[in-house]
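Coordinates from start_11.txt are shown below (compact mmCIF, C-alpha atoms and all ligand atoms).
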```txt
# COMPACT_ATOMS: atom_id res chain seq x y z
CA MET A 1 0.00 0.00 0.00
CA GLU A 2 1.27 3.43 -0.87
CA PHE A 3 -1.04 5.71 1.09
CA ILE A 4 -2.41 3.70 4.03
CA THR A 5 -0.51 2.20 6.94
CA TYR A 6 -2.02 -0.26 9.40
CA GLU A 7 -0.54 -1.03 12.78
CA GLN A 8 -1.90 -3.58 15.24
CA ASP A 9 -1.35 -2.72 18.89
CA GLY A 10 -2.89 -5.48 21.00
CA PHE A 11 -6.63 -5.43 20.36
CA VAL A 12 -6.46 -1.99 18.71
CA GLY A 13 -5.82 -1.38 15.01
CA VAL A 14 -4.51 2.02 13.90
CA ILE A 15 -5.22 3.07 10.32
CA THR A 16 -3.20 6.06 9.11
CA ILE A 17 -3.98 7.90 5.87
CA ASN A 18 -0.47 8.63 4.74
CA ARG A 19 -0.28 11.12 1.90
CA PRO A 20 1.18 14.10 3.75
CA LYS A 21 2.44 15.92 0.63
CA ALA A 22 -1.21 16.47 -0.33
CA LEU A 23 -2.33 16.91 3.31
CA ASN A 24 -3.73 13.34 3.12
CA ALA A 25 -6.28 14.29 0.44
CA LEU A 26 -8.43 11.39 -0.73
CA ASN A 27 -7.83 10.35 -4.31
CA SER A 28 -9.21 7.12 -5.81
CA GLN A 29 -6.13 5.18 -4.81
CA VAL A 30 -6.42 6.25 -1.16
CA LEU A 31 -10.09 5.21 -1.17
CA ASP A 32 -9.25 1.83 -2.75
CA GLU A 33 -6.48 1.22 -0.24
CA LEU A 34 -8.71 2.18 2.67
CA ASN A 35 -11.32 -0.25 1.39
CA GLU A 36 -8.74 -3.05 1.18
CA THR A 37 -7.40 -2.21 4.63
CA LEU A 38 -10.85 -2.52 6.20
CA ASP A 39 -11.40 -5.83 4.40
CA ALA A 40 -8.14 -7.13 5.86
CA VAL A 41 -8.82 -6.27 9.52
CA ASP A 42 -8.85 -9.47 11.58
CA LEU A 43 -12.17 -9.33 13.41
CA ASN A 44 -11.14 -12.11 15.78
CA THR A 45 -8.13 -10.29 17.17
CA THR A 46 -9.21 -6.64 16.88
CA ARG A 47 -11.75 -4.89 19.08
CA ALA A 48 -11.45 -1.21 18.13
CA LEU A 49 -9.94 0.88 15.35
CA ILE A 50 -8.39 4.35 15.34
CA LEU A 51 -8.33 6.37 12.11
CA THR A 52 -5.87 9.26 11.81
CA GLY A 53 -3.78 11.19 9.28
CA ALA A 54 -0.01 11.26 8.85
CA GLY A 55 1.89 14.36 9.94
CA ASP A 56 1.04 17.09 12.41
CA LYS A 57 -0.86 19.45 10.13
CA SER A 58 -3.71 17.57 8.54
CA PHE A 59 -6.08 14.73 9.24
CA VAL A 60 -7.55 14.76 5.71
CA ALA A 61 -7.83 17.96 3.61
CA GLY A 62 -10.70 16.61 1.54
CA ALA A 63 -11.25 14.73 -1.65
CA ASP A 64 -8.49 15.27 -4.21
CA ILE A 65 -9.38 18.49 -6.04
CA GLY A 66 -6.91 17.79 -8.87
CA GLU A 67 -8.53 14.44 -9.61
CA MET A 68 -12.05 15.90 -9.41
CA SER A 69 -11.31 18.97 -11.54
CA THR A 70 -11.87 17.25 -14.91
CA LEU A 71 -14.68 14.83 -14.05
CA THR A 72 -17.84 14.66 -16.13
CA LYS A 73 -21.27 14.54 -14.42
CA ALA A 74 -21.31 10.73 -14.62
CA GLU A 75 -17.75 10.46 -13.36
CA GLY A 76 -18.52 12.88 -10.54
CA GLU A 77 -21.44 10.73 -9.45
CA ALA A 78 -19.28 7.60 -9.64
CA PHE A 79 -16.55 9.27 -7.56
CA GLY A 80 -19.18 10.20 -4.97
CA LYS A 81 -20.35 6.59 -4.90
CA LYS A 82 -16.81 5.34 -4.49
CA GLY A 83 -16.27 7.52 -1.44
CA ASN A 84 -19.74 6.82 -0.05
CA ASP A 85 -19.26 3.05 -0.36
CA VAL A 86 -15.99 3.10 1.60
CA PHE A 87 -17.31 5.52 4.22
CA ARG A 88 -20.44 3.44 4.67
CA LYS A 89 -18.25 0.38 5.15
CA LEU A 90 -16.44 2.29 7.88
CA GLU A 91 -19.68 3.48 9.47
CA THR A 92 -21.17 -0.03 9.54
CA PHE A 93 -17.87 -1.76 10.33
CA PRO A 94 -18.46 -4.35 13.07
CA LEU A 95 -15.92 -2.68 15.38
CA PRO A 96 -16.03 0.81 16.91
CA VAL A 97 -13.87 3.33 15.06
CA ILE A 98 -12.39 6.43 16.73
CA ALA A 99 -11.32 9.30 14.46
CA ALA A 100 -8.24 11.01 15.93
CA VAL A 101 -8.45 14.28 13.98
CA ASN A 102 -4.99 15.82 13.97
CA GLY A 103 -5.42 19.02 11.94
CA PHE A 104 -7.45 19.86 8.83
CA ALA A 105 -10.66 17.86 8.45
CA LEU A 106 -12.14 19.58 5.42
CA GLY A 107 -14.68 18.31 2.90
CA GLY A 108 -14.07 14.59 2.58
CA GLY A 109 -11.91 14.84 5.72
CA CYS A 110 -14.79 16.09 7.84
CA GLU A 111 -16.98 13.50 6.11
CA ILE A 112 -14.72 10.53 6.85
CA SER A 113 -14.48 11.59 10.49
CA MET A 114 -18.28 11.64 10.65
CA SER A 115 -18.37 8.05 9.35
CA CYS A 116 -16.47 7.02 12.48
CA ASP A 117 -18.28 6.27 15.73
CA ILE A 118 -16.43 8.82 17.85
CA ARG A 119 -14.38 11.92 16.99
CA ILE A 120 -11.67 13.41 19.17
CA CYS A 121 -9.33 16.11 17.89
CA SER A 122 -6.21 18.14 18.52
CA GLU A 123 -6.36 21.82 19.46
CA ASN A 124 -5.19 22.76 15.94
CA ALA A 125 -7.98 20.84 14.20
CA ILE A 126 -10.09 22.71 11.66
CA PHE A 127 -13.40 21.28 10.44
CA GLY A 128 -15.43 22.42 7.47
CA GLN A 129 -17.37 21.59 4.35
CA PRO A 130 -15.88 24.06 1.84
CA GLU A 131 -17.40 22.40 -1.24
CA VAL A 132 -19.80 25.14 -2.33
CA GLY A 133 -16.77 27.41 -2.72
CA LEU A 134 -15.47 24.86 -5.23
CA GLY A 135 -18.76 24.71 -7.12
CA ILE A 136 -19.90 21.33 -5.80
CA THR A 137 -21.91 19.89 -2.92
CA PRO A 138 -20.33 17.76 -0.23
CA GLY A 139 -20.17 14.36 -1.92
CA PHE A 140 -19.01 11.76 0.61
CA GLY A 141 -22.02 11.96 2.95
CA GLY A 142 -21.56 15.47 4.37
CA THR A 143 -25.05 16.72 3.61
CA GLN A 144 -26.47 13.72 5.46
CA ARG A 145 -24.15 12.99 8.38
CA LEU A 146 -23.43 16.59 9.42
CA ALA A 147 -27.16 17.32 9.72
CA ARG A 148 -27.67 14.16 11.75
CA LEU A 149 -24.76 14.96 14.07
CA VAL A 150 -25.14 18.68 14.75
CA GLY A 151 -28.72 19.37 13.60
CA ALA A 152 -30.01 20.65 10.28
CA GLY A 153 -29.68 24.36 11.14
CA MET A 154 -26.00 24.26 12.10
CA ALA A 155 -25.18 21.87 9.25
CA LYS A 156 -26.87 24.14 6.73
CA GLN A 157 -25.00 27.16 8.08
CA MET A 158 -21.64 25.37 7.82
CA ILE A 159 -22.34 23.94 4.38
CA TYR A 160 -23.95 27.03 2.77
CA THR A 161 -21.33 29.45 4.11
CA ALA A 162 -18.39 27.04 3.58
CA ARG A 163 -16.95 28.53 6.76
CA ASN A 164 -14.39 26.41 8.59
CA ILE A 165 -14.60 26.04 12.35
CA LYS A 166 -11.89 25.52 14.93
CA ALA A 167 -11.67 22.67 17.44
CA ASP A 168 -13.37 24.56 20.28
CA GLU A 169 -16.39 25.36 18.12
CA ALA A 170 -16.51 21.78 16.83
CA TYR A 171 -16.63 20.70 20.47
CA ARG A 172 -19.32 23.26 21.33
CA ILE A 173 -21.65 22.06 18.57
CA GLY A 174 -21.08 18.39 19.36
CA LEU A 175 -19.11 17.52 16.26
CA VAL A 176 -16.24 16.20 18.41
CA ASN A 177 -16.34 14.57 21.83
CA ALA A 178 -13.08 16.00 23.18
CA VAL A 179 -10.17 18.29 22.28
CA TYR A 180 -6.57 17.56 23.36
CA PRO A 181 -3.16 19.18 22.90
CA ALA A 182 -1.74 17.74 19.66
CA GLU A 183 0.97 15.75 21.43
CA GLU A 184 -1.62 13.97 23.60
CA LEU A 185 -4.15 13.12 20.89
CA MET A 186 -2.94 9.65 19.91
CA GLU A 187 -2.30 8.66 23.51
CA GLN A 188 -5.87 9.65 24.37
CA ALA A 189 -7.23 7.82 21.33
CA ARG A 190 -5.32 4.67 22.30
CA LYS A 191 -6.52 4.99 25.87
CA MET A 192 -10.15 5.25 24.75
CA ALA A 193 -9.73 2.36 22.30
CA ALA A 194 -8.11 0.21 25.01
CA GLY A 195 -11.01 1.04 27.32
CA ILE A 196 -13.46 -0.13 24.68
CA ALA A 197 -11.35 -3.23 23.98
CA ALA A 198 -11.48 -4.18 27.67
CA ASN A 199 -15.24 -4.60 27.45
CA ALA A 200 -17.17 -7.56 26.07
CA PRO A 201 -16.54 -7.51 22.31
CA ILE A 202 -19.81 -9.07 21.22
CA ALA A 203 -21.75 -6.65 23.42
CA VAL A 204 -19.80 -3.65 22.07
CA ARG A 205 -20.41 -4.73 18.46
CA ASN A 206 -24.08 -5.24 19.16
CA CYS A 207 -24.30 -1.78 20.79
CA LYS A 208 -22.86 -0.20 17.64
CA LYS A 209 -25.32 -2.06 15.45
CA ALA A 210 -28.27 -1.26 17.73
CA ILE A 211 -27.46 2.48 17.78
CA ASN A 212 -26.75 2.70 14.04
CA ASP A 213 -29.68 0.58 12.87
CA GLY A 214 -32.08 2.01 15.45
CA LEU A 215 -31.44 5.57 14.30
CA GLN A 216 -32.68 4.67 10.82
CA VAL A 217 -36.18 3.59 11.91
CA ASP A 218 -39.00 4.70 14.22
CA MET A 219 -38.89 3.94 17.96
CA ASP A 220 -41.24 0.95 17.77
CA GLN A 221 -38.95 -0.75 15.28
CA ALA A 222 -35.82 0.51 17.04
CA ILE A 223 -36.60 -1.18 20.33
CA VAL A 224 -37.18 -4.47 18.49
CA ILE A 225 -33.71 -4.10 16.99
CA GLU A 226 -32.35 -3.59 20.50
CA GLU A 227 -34.25 -6.59 21.89
CA LYS A 228 -32.75 -8.90 19.26
CA LEU A 229 -29.20 -7.66 19.80
CA PHE A 230 -29.67 -7.76 23.59
CA GLY A 231 -30.90 -11.35 23.36
CA ASP A 232 -28.00 -12.22 21.08
CA CYS A 233 -25.55 -11.50 23.93
CA PHE A 234 -26.99 -14.20 26.19
CA GLU A 235 -25.27 -17.59 26.41
CA THR A 236 -22.01 -16.01 25.23
CA GLU A 237 -18.82 -16.54 27.24
CA ASP A 238 -18.72 -12.80 27.76
CA GLN A 239 -22.15 -12.69 29.33
CA LYS A 240 -21.49 -15.69 31.55
CA ALA A 241 -18.12 -14.34 32.73
CA GLY A 242 -19.33 -10.76 33.11
CA MET A 243 -22.37 -11.60 35.19
CA GLY A 244 -20.54 -14.41 37.01
CA ASN A 245 -17.88 -11.98 38.17
CA PHE A 246 -20.54 -9.68 39.55
CA LEU A 247 -22.39 -12.46 41.33
CA GLU A 248 -19.19 -13.82 42.89
CA LYS A 249 -19.15 -10.60 44.89
CA ASP A 250 -15.40 -10.44 44.40
CA LYS A 251 -14.75 -6.71 44.40
CA GLU A 252 -11.62 -7.04 42.30
CA LYS A 253 -13.26 -9.16 39.64
CA LYS A 254 -16.55 -7.31 39.80
CA LEU A 255 -14.93 -4.26 38.29
CA LYS A 256 -12.91 -6.18 35.72
CA VAL A 257 -15.03 -8.23 33.42
CA VAL A 258 -12.65 -10.92 32.16
CA PRO A 259 -12.01 -13.00 30.15
CA PHE A 260 -13.87 -12.07 27.02
CA GLN A 261 -14.07 -14.37 24.10
CA ASN A 262 -15.73 -14.21 20.76
CA LYS A 263 -18.60 -16.56 20.13
N1 LIG B 1 -6.84 17.99 -2.95
C1 LIG B 1 -5.66 17.93 -3.56
N2 LIG B 1 -4.53 18.47 -3.06
C2 LIG B 1 -4.63 19.11 -1.90
C3 LIG B 1 -5.84 19.21 -1.18
C4 LIG B 1 -6.99 18.61 -1.76
N3 LIG B 1 -8.18 18.62 -1.15
N4 LIG B 1 -5.63 19.92 -0.06
C5 LIG B 1 -4.33 20.23 -0.05
N5 LIG B 1 -3.72 19.75 -1.16
C6 LIG B 1 -2.31 19.88 -1.54
C7 LIG B 1 -2.02 21.26 -2.12
O1 LIG B 1 -2.36 21.30 -3.47
C8 LIG B 1 -0.54 21.36 -1.88
O2 LIG B 1 0.13 20.60 -2.85
P1 LIG B 1 1.47 21.19 -3.56
O3 LIG B 1 2.45 21.32 -2.43
O4 LIG B 1 1.82 20.14 -4.55
O5 LIG B 1 1.09 22.51 -4.13
C9 LIG B 1 -0.35 20.63 -0.55
O6 LIG B 1 -1.50 19.82 -0.38
C10 LIG B 1 -0.27 21.58 0.62
O7 LIG B 1 -1.42 22.41 0.59
P2 LIG B 1 -1.34 24.00 0.68
O8 LIG B 1 -0.06 24.51 0.09
O9 LIG B 1 -2.61 24.54 0.13
O10 LIG B 1 -1.26 24.18 2.27
P3 LIG B 1 -1.77 25.44 3.11
O11 LIG B 1 -1.26 25.23 4.49
O12 LIG B 1 -1.45 26.71 2.44
O13 LIG B 1 -3.38 25.29 3.12
C11 LIG B 1 -5.45 24.11 3.30
C12 LIG B 1 -3.97 24.19 3.74
C13 LIG B 1 -6.21 25.31 3.88
C14 LIG B 1 -6.04 22.81 3.88
C15 LIG B 1 -5.54 24.12 1.76
O14 LIG B 1 -4.66 23.14 1.26
C16 LIG B 1 -6.90 23.84 1.23
O15 LIG B 1 -7.76 24.70 1.26
N6 LIG B 1 -7.11 22.59 0.72
C17 LIG B 1 -8.36 22.21 0.13
C18 LIG B 1 -9.43 21.99 1.18
C19 LIG B 1 -10.75 21.67 0.52
O16 LIG B 1 -11.34 22.48 -0.17
N7 LIG B 1 -11.26 20.43 0.75
C20 LIG B 1 -12.50 19.98 0.19
C21 LIG B 1 -12.26 19.25 -1.09
S1 LIG B 1 -13.75 18.91 -1.95
C22 LIG B 1 -14.38 17.52 -1.23
O17 LIG B 1 -13.84 16.97 -0.27
C23 LIG B 1 -15.61 17.00 -1.88
C24 LIG B 1 -16.30 15.90 -1.19
O18 LIG B 1 -17.11 16.12 -0.31
C25 LIG B 1 -16.10 14.54 -1.61
```
Representation of the structure as structure tokens:
Amino acid sequence: MEFITYEQDGFVGVITINRPKALNALNSQVLDELNETLDAVDLNTTRALILTGAGDKSFVAGADIGEMSTLTKAEGEAFGKKGNDVFRKLETFPLPVIAAVNGFALGGGCEISMSCDIRICSENAIFGQPEVGLGITPGFGGTQRLARLVGAGMAKQMIYTARNIKADEAYRIGLVNAVYPAEELMEQARKMAAGIAANAPIAVRNCKKAINDGLQVDMDQAIVIEEKLFGDCFETEDQKAGMGNFLEKDKEKKLKVVPFQNK
């Protein structure tokens, strides 16, 4: 792979978009490599992923403007589908994904972060959907996910004005969960990922699916989705060990739910 690196650190996989000369902009090759990287993640040995960008300036500065500049209408639509397919794979990936946003998250960069479950960022992060200034709409899910995350009014303001926002404003509007000094960002991301990985993996996966799928339907259907995924956890090693530890009344074990195994 030329533009993606993958590092396995215990139960946590770290995906780095590594095209720093173009501020990690997403061209077709980056999207293809990201797709292949996700396909290659070992779901038996990995419990959480972190997605970040190489360098200290940019997470992802958007889709590649050079590549897009000569596209026809049909090619533009196909490029949008290519990005959407990969981002949807990320969003529905069986494991939780934390975006560690280390700088510019513009256009496709903001959009890929929104396809992750959780966003944390460095103090120098800048978020925005500058597409209308380039004569296009956001094309990798921005019109849909930004409105769902921060509300239609704020999303419309950001998208229509193409105004970028700094980390503190992104935090204020709920686009990111936390802001850290740049040098602490990856440590904090790893800490959060390790915390997730210490919990029952089947239960965590089912929580992700319940939240994602439930948000797409009305409440009556949503609670049925939850019931099925809740029921699915029973009879697993994780459920037996987790509840067994509690019932043993062993204070030490009660707080640490171990060992967890896949089904
Ligand atoms: N596409 C292609 N190349 C890009 C890029 C992008 N989105 N963003 C940055 N680069 C390249 C620059 O062309 C430059 O390359 P060269 O050194 O070969 O000239 C290199 O990265 C460094 O960039 P700058 O010199 O511009 O760095 P800067 O510090 O002066 O500015 C920046 C940084 C404000 C992020 C600026 O690069 C910028 O505005 N980039 C474009 C941001 C943008 O508009 N993103 C949205 C793209 S559209 C989109 O994503 C559509 C969609 O929804 C799918």
Inset, instruction - Taking only C-alpha atoms and all ligand atoms into account, report as a PyMOL selection string which residues have an atom no farther than 9 Å from an atom of ligand LIG 1 (chain B). - result: chain A and resi 20-27+57-58+60-68+79-80+83-84+103-111+126+128-134+136-143
Suppose we keep C-alpha atoms; can you now write the selection as a PDB file, in the frame of the given file?
```pdb
ATOM      1  CA  PRO A  20       1.180  14.100   3.750  1.00  0.00           C
ATOM      2  CA  LYS A  21       2.440  15.920   0.630  1.00  0.00           C
ATOM      3  CA  ALA A  22      -1.210  16.470  -0.330  1.00  0.00           C
ATOM      4  CA  LEU A  23      -2.330  16.910   3.310  1.00  0.00           C
ATOM      5  CA  ASN A  24      -3.730  13.340   3.120  1.00  0.00           C
ATOM      6  CA  ALA A  25      -6.280  14.290   0.440  1.00  0.00           C
ATOM      7  CA  LEU A  26      -8.430  11.390  -0.730  1.00  0.00           C
ATOM      8  CA  ASN A  27      -7.830  10.350  -4.310  1.00  0.00           C
ATOM      9  CA  LYS A  57      -0.860  19.450  10.130  1.00  0.00           C
ATOM     10  CA  SER A  58      -3.710  17.570   8.540  1.00  0.00           C
ATOM     11  CA  VAL A  60      -7.550  14.760   5.710  1.00  0.00           C
ATOM     12  CA  ALA A  61      -7.830  17.960   3.610  1.00  0.00           C
ATOM     13  CA  GLY A  62     -10.700  16.610   1.540  1.00  0.00           C
ATOM     14  CA  ALA A  63     -11.250  14.730  -1.650  1.00  0.00           C
ATOM     15  CA  ASP A  64      -8.490  15.270  -4.210  1.00  0.00           C
ATOM     16  CA  ILE A  65      -9.380  18.490  -6.040  1.00  0.00           C
ATOM     17  CA  GLY A  66      -6.910  17.790  -8.870  1.00  0.00           C
ATOM     18  CA  GLU A  67      -8.530  14.440  -9.610  1.00  0.00           C
ATOM     19  CA  MET A  68     -12.050  15.900  -9.410  1.00  0.00           C
ATOM     20  CA  PHE A  79     -16.550   9.270  -7.560  1.00  0.00           C
ATOM     21  CA  GLY A  80     -19.180  10.200  -4.970  1.00  0.00           C
ATOM     22  CA  GLY A  83     -16.270   7.520  -1.440  1.00  0.00           C
ATOM     23  CA  ASN A  84     -19.740   6.820  -0.050  1.00  0.00           C
ATOM     24  CA  GLY A 103      -5.420  19.020  11.940  1.00  0.00           C
ATOM     25  CA  PHE A 104      -7.450  19.860   8.830  1.00  0.00           C
ATOM     26  CA  ALA A 105     -10.660  17.860   8.450  1.00  0.00           C
ATOM     27  CA  LEU A 106     -12.140  19.580   5.420  1.00  0.00           C
ATOM     28  CA  GLY A 107     -14.680  18.310   2.900  1.00  0.00           C
ATOM     29  CA  GLY A 108     -14.070  14.590   2.580  1.00  0.00           C
ATOM     30  CA  GLY A 109     -11.910  14.840   5.720  1.00  0.00           C
ATOM     31  CA  CYS A 110     -14.790  16.090   7.840  1.00  0.00           C
ATOM     32  CA  GLU A 111     -16.980  13.500   6.110  1.00  0.00           C
ATOM     33  CA  ILE A 126     -10.090  22.710  11.660  1.00  0.00           C
ATOM     34  CA  GLY A 128     -15.430  22.420   7.470  1.00  0.00           C
ATOM     35  CA  GLN A 129     -17.370  21.590   4.350  1.00  0.00           C
ATOM     36  CA  PRO A 130     -15.880  24.060   1.840  1.00  0.00           C
ATOM     37  CA  GLU A 131     -17.400  22.400  -1.240  1.00  0.00           C
ATOM     38  CA  VAL A 132     -19.800  25.140  -2.330  1.00  0.00           C
ATOM     39  CA  GLY A 133     -16.770  27.410  -2.720  1.00  0.00           C
ATOM     40  CA  LEU A 134     -15.470  24.860  -5.230  1.00  0.00           C
ATOM     41  CA  ILE A 136     -19.900  21.330  -5.800  1.00  0.00           C
ATOM     42  CA  THR A 137     -21.910  19.890  -2.920  1.00  0.00           C
ATOM     43  CA  PRO A 138     -20.330  17.760  -0.230  1.00  0.00           C
ATOM     44  CA  GLY A 139     -20.170  14.360  -1.920  1.00  0.00           C
ATOM     45  CA  PHE A 140     -19.010  11.760   0.610  1.00  0.00           C
ATOM     46  CA  GLY A 141     -22.020  11.960   2.950  1.00  0.00           C
ATOM     47  CA  GLY A 142     -21.560  15.470   4.370  1.00  0.00           C
ATOM     48  CA  THR A 143     -25.050  16.720   3.610  1.00  0.00           C
TER      49      THR A 143
END
```
May I have a table of the residues of region 105-201 of chain A lying at most 8 Å from region 8-16 of chain A, giving each one's closest pair of atoms and their distance in Å to one decimal, counting all atoms listed in the file, ordered by chain and ascending residue number, as JSON lines?
```
{"residue": "A:Arg190", "atom": "CA", "partner": "A:Val12", "partner_atom": "CA", "distance": 7.7}
{"residue": "A:Ala193", "atom": "CA", "partner": "A:Val12", "partner_atom": "CA", "distance": 6.5}
{"residue": "A:Ala194", "atom": "CA", "partner": "A:Val12", "partner_atom": "CA", "distance": 6.9}
{"residue": "A:Ala197", "atom": "CA", "partner": "A:Phe11", "partner_atom": "CA", "distance": 6.3}
```
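For the set A:Ile211, A:Arg145, A:Val101, A:Val204, the residue with the smallest atom-to-atom gap to Tyr180 (chain A) is A:Val101, counting all atoms listed in the file.
Contact shell of Phe230 (chain A) at 9 Å (all atoms listed in the file; same-chain neighbours under 4 positions omitted): Ala203, Asn206, Cys207, Ala210, Ile225, Glu226 and Phe234 of chain A.
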Inset, instruction - Write out as a ChimeraX atom specification the residues lying within 10 Å of Thr5 (chain A), counting only C-alpha atoms and excluding same-chain residues fewer than 2 positions away. - result: /A:1-3,7,14-18,33-34,37,53-54
Inset, instruction - Considering all atoms listed in the file, state which residue in the set A:Glu36, A:Ser122, A:Ser115, A:Ala198 is at the smallest distance from Gln144 (chain A). - result: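 Among A:Glu36, A:Ser122, A:Ser115, A:Ala198, it is A:Ser115 that comes nearest to Gln144 (chain A).
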Could you give me region 67-79 of chain A completed to N, CA, C and O atoms, formatted as a PDB file, in the frame of the given file?
```pdb
ATOM      1  N   GLU A  67      -7.860  15.572  -8.942  1.00  0.00           N
ATOM      2  CA  GLU A  67      -8.530  14.440  -9.610  1.00  0.00           C
ATOM      3  C   GLU A  67      -9.975  14.796  -9.986  1.00  0.00           C
ATOM      4  O   GLU A  67     -10.461  14.413 -11.049  1.00  0.00           O
ATOM      5  N   MET A  68     -10.634  15.586  -9.135  1.00  0.00           N
ATOM      6  CA  MET A  68     -12.050  15.900  -9.410  1.00  0.00           C
ATOM      7  C   MET A  68     -12.217  16.957 -10.498  1.00  0.00           C
ATOM      8  O   MET A  68     -13.291  17.064 -11.096  1.00  0.00           O
ATOM      9  N   SER A  69     -11.151  17.753 -10.734  1.00  0.00           N
ATOM     10  CA  SER A  69     -11.310  18.970 -11.540  1.00  0.00           C
ATOM     11  C   SER A  69     -11.787  18.709 -12.970  1.00  0.00           C
ATOM     12  O   SER A  69     -12.393  19.563 -13.591  1.00  0.00           O
ATOM     13  N   THR A  70     -11.522  17.506 -13.500  1.00  0.00           N
ATOM     14  CA  THR A  70     -11.870  17.250 -14.910  1.00  0.00           C
ATOM     15  C   THR A  70     -12.992  16.222 -15.066  1.00  0.00           C
ATOM     16  O   THR A  70     -13.243  15.730 -16.163  1.00  0.00           O
ATOM     17  N   LEU A  71     -13.654  15.884 -13.958  1.00  0.00           N
ATOM     18  CA  LEU A  71     -14.680  14.830 -14.050  1.00  0.00           C
ATOM     19  C   LEU A  71     -15.929  15.315 -14.788  1.00  0.00           C
ATOM     20  O   LEU A  71     -16.324  16.475 -14.666  1.00  0.00           O
ATOM     21  N   THR A  72     -16.532  14.398 -15.535  1.00  0.00           N
ATOM     22  CA  THR A  72     -17.840  14.660 -16.130  1.00  0.00           C
ATOM     23  C   THR A  72     -18.915  14.455 -15.056  1.00  0.00           C
ATOM     24  O   THR A  72     -18.623  13.969 -13.954  1.00  0.00           O
ATOM     25  N   LYS A  73     -20.171  14.769 -15.375  1.00  0.00           N
ATOM     26  CA  LYS A  73     -21.270  14.540 -14.420  1.00  0.00           C
ATOM     27  C   LYS A  73     -21.301  13.075 -13.975  1.00  0.00           C
ATOM     28  O   LYS A  73     -21.407  12.770 -12.791  1.00  0.00           O
ATOM     29  N   ALA A  74     -21.233  12.154 -14.952  1.00  0.00           N
ATOM     30  CA  ALA A  74     -21.310  10.730 -14.620  1.00  0.00           C
ATOM     31  C   ALA A  74     -20.101  10.308 -13.781  1.00  0.00           C
ATOM     32  O   ALA A  74     -20.227   9.536 -12.824  1.00  0.00           O
ATOM     33  N   GLU A  75     -18.947  10.820 -14.139  1.00  0.00           N
ATOM     34  CA  GLU A  75     -17.750  10.460 -13.360  1.00  0.00           C
ATOM     35  C   GLU A  75     -17.796  11.051 -11.959  1.00  0.00           C
ATOM     36  O   GLU A  75     -17.344  10.441 -10.994  1.00  0.00           O
ATOM     37  N   GLY A  76     -18.364  12.260 -11.857  1.00  0.00           N
ATOM     38  CA  GLY A  76     -18.520  12.880 -10.540  1.00  0.00           C
ATOM     39  C   GLY A  76     -19.409  12.029  -9.645  1.00  0.00           C
ATOM     40  O   GLY A  76     -19.095  11.771  -8.476  1.00  0.00           O
ATOM     41  N   GLU A  77     -20.509  11.560 -10.222  1.00  0.00           N
ATOM     42  CA  GLU A  77     -21.440  10.730  -9.450  1.00  0.00           C
ATOM     43  C   GLU A  77     -20.751   9.426  -9.024  1.00  0.00           C
ATOM     44  O   GLU A  77     -20.899   8.970  -7.882  1.00  0.00           O
ATOM     45  N   ALA A  78     -19.979   8.860  -9.949  1.00  0.00           N
ATOM     46  CA  ALA A  78     -19.280   7.600  -9.640  1.00  0.00           C
ATOM     47  C   ALA A  78     -18.231   7.817  -8.549  1.00  0.00           C
ATOM     48  O   ALA A  78     -18.037   6.964  -7.677  1.00  0.00           O
ATOM     49  N   PHE A  79     -17.562   8.981  -8.599  1.00  0.00           N
ATOM     50  CA  PHE A  79     -16.550   9.270  -7.560  1.00  0.00           C
ATOM     51  C   PHE A  79     -17.246   9.427  -6.204  1.00  0.00           C
ATOM     52  O   PHE A  79     -16.754   8.941  -5.181  1.00  0.00           O
TER      53      PHE A  79
END
```
